[in-house]
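Undergrad: I'd like to ask you about the structure that follows.
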Amino acid sequence: MLEKQLEQILQANNWESRYRFLMKLGTIDNLPFDEADKIDENLVSGCESKVWLVNKIEHGHPVIKASSDSKIVRGLLVIILHEINLVGLDNFELSTSLNKYHLANHLSESRANGLKQVYQQILHKIQQNS
């Protein structure tokens with residue numbers, strides 16, 4: 001299901017379509033997050049929207065979980081986490097992923113900066129558990 005939704009974003013022929021698909025992407029199925037983890041301690045600073053990040057251990061492996069109060073940001077988080085899982089944290093580049101899905105040129109400067117903060121916080125959380 002996720003792969004099909006990501007393919008729709010890749011194949012969208014205009015920003016409005018891509019935006020609609022992106023908003024649909026940020027569902028609980030694609031971005032499961034425990035409501036109990038929506039606490040100030042897990043908030044990412046530097047984002048206009050509220051973004052929560054936690055690093056959980058599942059089946060002996062660290063797993064980043066994320067959520068936001070914004071549909072569009074939840075969709076962007078799905079893409080970021082999917083791409084990190086796909087290429088690995090060491091090979092992940094935020095700008096490459098945003099360009100891959102034709103999103104980079106459509107994000108405001110503040111949203112792009114917020115996503116950079118999210119990525120930096122992901123790195124920090126993973127390093128804490130290393």
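By order in the structure tokens, chains are A, B, ...; within a chain, residues start at 1; ligands start at 1, following the order shown.
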Give me, as a VMD selection string, all polymer residues having an atom no more than 10 Å from Lys100 of chain A, counting only C-alpha atoms and skipping those fewer than 4 positions away in the same chain.

TA: chain A and resid 9 to 10 94 to 96 104

Undergrad: Output the selection as a PDB file, in the first residue's frame - N, CA and C atoms for each residue.

TA:
ATOM      1  N   ILE A   9       2.749   9.710  -5.852  1.00  0.00           N
ATOM      2  CA  ILE A   9       3.417  11.005  -5.708  1.00  0.00           C
ATOM      3  C   ILE A   9       4.451  11.189  -6.814  1.00  0.00           C
ATOM      4  N   LEU A  10       5.207  10.130  -7.089  1.00  0.00           N
ATOM      5  CA  LEU A  10       6.224  10.210  -8.142  1.00  0.00           C
ATOM      6  C   LEU A  10       5.607  10.477  -9.508  1.00  0.00           C
ATOM      7  N   LEU A  94      18.543  14.349   2.791  1.00  0.00           N
ATOM      8  CA  LEU A  94      17.215  14.949   2.775  1.00  0.00           C
ATOM      9  C   LEU A  94      16.904  15.585   1.427  1.00  0.00           C
ATOM     10  N   SER A  95      17.831  16.369   0.900  1.00  0.00           N
ATOM     11  CA  SER A  95      17.584  17.062  -0.368  1.00  0.00           C
ATOM     12  C   SER A  95      17.370  16.069  -1.513  1.00  0.00           C
ATOM     13  N   THR A  96      18.106  14.980  -1.514  1.00  0.00           N
ATOM     14  CA  THR A  96      17.944  13.961  -2.556  1.00  0.00           C
ATOM     15  C   THR A  96      16.551  13.356  -2.495  1.00  0.00           C
ATOM     16  N   ALA A 104      11.032  19.397  -3.380  1.00  0.00           N
ATOM     17  CA  ALA A 104      11.961  20.416  -2.884  1.00  0.00           C
ATOM     18  C   ALA A 104      11.580  21.827  -3.312  1.00  0.00           C
TER      19      ALA A 104
END

Undergrad: List every residue of segment 58-105 of chain A that has an atom at most 12 Å from any atom of segment 22-42 of chain A, and for each one report the closest atom pair and its distance in Å to one decimal, counting only C-alpha atoms, with rows sorted by chain and then by increasing residue number, as a Markdown table.

TA:
| residue | atom | partner | partner_atom | distance |
| --- | --- | --- | --- | --- |
| A:Val63 | CA | A:Phe33 | CA | 11.5 |
| A:Ile64 | CA | A:Phe33 | CA | 9.9 |
| A:Lys65 | CA | A:Phe33 | CA | 6.2 |
| A:Ala66 | CA | A:Phe33 | CA | 6.4 |
| A:Ser67 | CA | A:Phe33 | CA | 6.3 |
| A:Ser68 | CA | A:Gly26 | CA | 9.1 |
| A:Asp69 | CA | A:Lys38 | CA | 10.0 |
| A:Ser70 | CA | A:Met23 | CA | 8.9 |
| A:Lys71 | CA | A:Met23 | CA | 5.2 |
| A:Ile72 | CA | A:Met23 | CA | 4.9 |
| A:Val73 | CA | A:Gly26 | CA | 7.7 |
| A:Arg74 | CA | A:Gly26 | CA | 4.5 |
| A:Gly75 | CA | A:Gly26 | CA | 4.0 |
| A:Leu76 | CA | A:Leu22 | CA | 7.1 |
| A:Leu77 | CA | A:Gly26 | CA | 7.6 |
| A:Val78 | CA | A:Leu31 | CA | 6.2 |
| A:Ile79 | CA | A:Leu25 | CA | 8.6 |
| A:Ile80 | CA | A:Leu31 | CA | 11.1 |
| A:Leu81 | CA | A:Leu31 | CA | 9.1 |
| A:His82 | CA | A:Asn30 | CA | 9.5 |
| A:Leu98 | CA | A:Leu22 | CA | 11.9 |
| A:Tyr101 | CA | A:Leu22 | CA | 9.9 |
| A:His102 | CA | A:Leu22 | CA | 11.2 |
| A:Leu103 | CA | A:Leu22 | CA | 9.7 |

Undergrad: Compile the contact shell of segment 105-121 of chain A as number ranges by chain: residues with an atom at most 8 Å away, counting only C-alpha atoms, same-chain residues fewer than 2 positions apart removed.

TA: A: 15, 44-48, 51, 53, 94, 99, 102-103, 123-125

Undergrad: Give me every strand (DSSP E or B) residue in chain A, going by DSSP on the backbone, as a list in words.

TA: Leu43, Val51, Trp52, Leu53, Val54, Asn55, Lys56, Ile57, Glu58, His61, Pro62, Val63, Ile64, Lys65, Ala66, Ser67 and Ser68 of chain A

Undergrad: So that I can check the secondary structure, give me every residue of chain A assigned helix (DSSP H, G or I) by backbone DSSP, as a VMD selection string.

TA: chain A and resid 2 to 11 15 to 25 35 to 37 40 to 42 71 to 87 89 to 91 94 to 100 104 to 106 109 to 128
